[in-house]
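Accompanying notes for the structure given below.
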Amino acid sequence: MTITAKFDSRCVECGKKIKRGQTVVWEKGVGVYCNKCRTPEKKTATSSPSRPPRQGRWVTCWECGRKYYDNDWYPGKDTYCGC
């Protein structure tokens with residue numbers, strides 16, 4: 001995980017000094033690595049989402065008549081709450 005160092009420390013691999021405010025790679029239970037030992041992953045912006053947005057809505061159960069919110073609703077889906 002890429003983080004900004006909150007404290008001065010040393011790289012667990014090579015021992016190089018890491019100053020507060022430097023971007024480093026941190027592993028839980030291990031420590032931090034300098035940029036030469038582990039390169040921080042770059043966040044890439046995606047132009048389109050990987051899946052379509054959800055179309056949740058309130059629906060009425062066909063068996064008991066209870067209203068409930070269905071996160072994965074789509075036209076033609078069977079509206080059954082599991083009663």
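So you can find residues: chains in the structure tokens are A, B, ... in the order shown, residues in each start at 1, and ligands are numbered from 1 in order.
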Would you list the contacts of Phe7 in chain A as a list in words, taking every protein, DNA or RNA residue within 10 Å and counting only C-alpha atoms, but skipping same-chain residues closer than 4 positions in sequence? Ile18, Lys19, Arg20, Gly21 and Gln22 of chain A
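Closest to Trp62 in chain A among A:Ala5, A:Val25, A:Cys81, A:Val32 is A:Cys81, based on only C-alpha atoms.
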Which residues come within 12 Å of Pro75 in chain A, counting only C-alpha atoms, excluding same-chain residues fewer than 3 positions away, as a PDB file with C-alpha atoms, in the first residue's frame?
ATOM      1  CA  GLN A  55     -30.579   0.675 -10.684  1.00  0.00           C
ATOM      2  CA  GLY A  56     -31.899   0.035  -7.192  1.00  0.00           C
ATOM      3  CA  ARG A  57     -35.442   0.981  -6.326  1.00  0.00           C
ATOM      4  CA  VAL A  59     -40.380  -2.689  -5.017  1.00  0.00           C
ATOM      5  CA  ASP A  70     -33.803  -3.995  -4.178  1.00  0.00           C
ATOM      6  CA  ASP A  72     -29.983  -5.062  -8.095  1.00  0.00           C
ATOM      7  CA  ASP A  78     -38.937 -11.207 -10.012  1.00  0.00           C
ATOM      8  CA  THR A  79     -39.708  -9.048  -6.952  1.00  0.00           C
TER       9      THR A  79
END
For Thr23 in chain A, work out the shell of residues within 12 Å, counting only C-alpha atoms and skipping chain neighbours fewer than 5 positions away, then give it as a PDB file with C-alpha atoms, in the first residue's frame.
ATOM      1  CA  MET A   1       0.000   0.000   0.000  1.00  0.00           C
ATOM      2  CA  THR A   2       1.349   3.410  -0.914  1.00  0.00           C
ATOM      3  CA  ILE A   3       1.334   5.890   1.985  1.00  0.00           C
ATOM      4  CA  THR A   4       2.946   9.144   3.041  1.00  0.00           C
ATOM      5  CA  ALA A   5       5.396   8.538   5.902  1.00  0.00           C
ATOM      6  CA  LYS A   6       4.254  10.132   9.163  1.00  0.00           C
ATOM      7  CA  PHE A   7       7.609   9.619  10.905  1.00  0.00           C
ATOM      8  CA  ASP A   8      11.297   9.417  10.016  1.00  0.00           C
ATOM      9  CA  ILE A  18      13.039   7.675   4.959  1.00  0.00           C
ATOM     10  CA  VAL A  32       8.102   0.595   4.941  1.00  0.00           C
ATOM     11  CA  TYR A  33      10.184   0.329   1.777  1.00  0.00           C
ATOM     12  CA  CYS A  34      11.988   3.192   0.015  1.00  0.00           C
ATOM     13  CA  ASN A  35      11.153   4.050  -3.583  1.00  0.00           C
ATOM     14  CA  LYS A  36      14.226   2.208  -4.923  1.00  0.00           C
ATOM     15  CA  ARG A  38       9.602  -0.958  -4.063  1.00  0.00           C
ATOM     16  CA  THR A  39       8.068   1.486  -6.505  1.00  0.00           C
ATOM     17  CA  PRO A  40       4.746   3.015  -5.457  1.00  0.00           C
ATOM     18  CA  GLU A  41       1.883   1.934  -7.687  1.00  0.00           C
ATOM     19  CA  LYS A  42       0.450   4.706  -9.791  1.00  0.00           C
TER      20      LYS A  42
END
